[in-house]
There are 2 protein chains.
Amino acid sequence: MKYCSQCGHTVTWSQPPEEDRERYWCSHCGTIHYQNPRIITGTLPVYKDRILLCRRAIEPRIGYWTLPAGFMENGETTDAGAIRETWEEAMAQVEVQNLYTLIHLTPINQVYMFYRAHLPEASFGAGPESLEVALFKEDEIPWDELAFLTVRRTLQHFFHDRKNGQFPLHVSDITPEDRDHFFTHAP
Amino acid sequence: MKYCSQCGHTVTWSQPPEEDRERYWCSHCGTIHYQNPRIITGTLPVYKDRILLCRRAIEPRIGYWTLPAGFMENGETTDAGAIRETWEEAMAQVEVQNLYTLIHLTPINQVYMFYRAHLPEASFGAGPESLEVALFKEDEIPWDELAFLTVRRTLQHFFHDRKNGQFPLHVSDITPEDRDHFFTHAP
């Protein structure tokens, strides 16, 4: 951020009067440009004993497999956003169930939310951001080719919880120490 | 938003190339200025059979009672933000338990998250954004003087769930139709 979006003057990175931390702000018009984490919302689509995954057609992690997810938009709910992303990336119409994982990525200021979702029919296809979309049984999951640690964790929780038939919300963090693993396929 | 924060030129509100909706963007340098919902994180602090509420010293809803909550900051988790806000507004050190309510306020692009929290000691005070802070039993809650519908809902869920001793996550929406009630004290 270089210029004030309100008045066009150059912004400063420093602690504004009456604020408790450094922020981008404009000493000309006084506007403080708050920056806050963004929500990534998606689904874990389940069809019978299989999970729907998408192989990414875009960076980051092009060619790797992911659960359908993307930035929550203004004017929608997290569950509506999850349904929208699942349609856009996997051309699949899911019925969302419970909020299943909430994962903080503090190094990049993102909050991931995955809803467990029911896929009533094996109807899907590759949207513009996907190279291919496919259903995987537990022993078919391409663990070494997953795009993100958030996806790995969500799948691990699911296969563990499925044995008990209970799917409570799991809240966890990915810290700076995990950052090296964020894009890797290390277990 | 009037000016591009990257190059200082005037921004446009229209559908940029390769985007699926209208956004603020700069036709000079091509930067798209995405706008996404923000997270408000807070706690429901419980001390024995009482709840800690704060009377607001700032707008909106100055003079009305609220649970401690505020905007999640970059670099923190939702639970860390909830603990921070509880300290800032109520000078209380809580131990967070489970994520308890997640409420979408689509009319103003906010996502509220309240954690149920244990207040181990009756130690608290009014931070700079509070006029006073106090503990309330269920029959003492100032229902007609609550600041926000999100607070009302969270308290209602708690007193209902307390009868059963089970406190699952409650996800709900405040829609444009509810907007008139957002600031009101209507039941």
# chains A, B, ... in the order shown; residues from 1 in each chain; ligands from 1
$ closest_atom_pairs --of "chain B" --to "chain A" --cutoff "7 Å" --atoms "only C-alpha atoms" --output "CSV"
residue,atom,partner,partner_atom,distance
B:Met1,CA,A:Ser5,CA,5.3
B:Lys2,CA,A:Gln6,CA,5.4
B:Tyr3,CA,A:Ser5,CA,4.3
B:Cys4,CA,A:Ser5,CA,5.8
B:Ser5,CA,A:Tyr3,CA,4.3
B:Gln6,CA,A:Lys2,CA,5.4
B:Cys7,CA,A:Tyr3,CA,6.9
B:Gly8,CA,A:Gly8,CA,5.5
B:Gln35,CA,A:Asn74,CA,6.8
B:Asn36,CA,A:Asn74,CA,5.2
B:Pro37,CA,A:Asn74,CA,5.4
B:Arg38,CA,A:Asn36,CA,6.6
B:Met72,CA,A:Asn36,CA,6.5
B:Glu73,CA,A:Asn36,CA,5.3
B:Asn74,CA,A:Asn36,CA,5.2
B:Gly75,CA,A:Thr106,CA,4.9
B:Glu76,CA,A:Thr106,CA,5.9
B:Thr77,CA,A:His104,CA,5.8
B:His104,CA,A:Thr77,CA,5.8
B:Thr106,CA,A:Gly75,CA,4.9
B:Pro107,CA,A:Gly75,CA,6.6
B:Asn109,CA,A:Asn74,CA,5.5
$ select_by_dssp --residues "range 27-143 of chain B" --states "strand (DSSP E or B)" --output "VMD selection string"
chain B and resid 32 to 33 38 to 47 50 to 56 65 to 66 69 to 71 95 to 105 110 to 118 130 to 136
$ residues_around --residues "Glu129 in chain A" --least-positions-apart "2" --cutoff "7 Å" --atoms "only C-alpha atoms" --output "CSV table (one decimal) with C-alpha atoms, in the first residue's frame"
chain,number,residue,atom,x,y,z
A,56,ARG,CA,-5.4,-27.1,-9.3
A,57,ALA,CA,-5.1,-25.3,-12.7
A,58,ILE,CA,-3.7,-22.1,-11.1
A,89,GLU,CA,-14.1,-25.3,-9.0
A,127,GLY,CA,-14.2,-25.6,-13.5
A,131,LEU,CA,-7.4,-29.4,-14.3
$ closest_residue --among "A:Thr86, A:Ser123, A:Gln156, A:Gln97" --to "Gly42 in chain A" --atoms "only C-alpha atoms"
A:Thr86
$ select_by_dssp --residues "chain B" --states "alpha helix (DSSP H)" --output "PyMOL selection string"
chain B and resi 78-90+149-162+179-182
$ atom_distance --atom1 "CA of Glu88 in chain B" --atom2 "CA of Ala126 in chain B"
8.5 Å
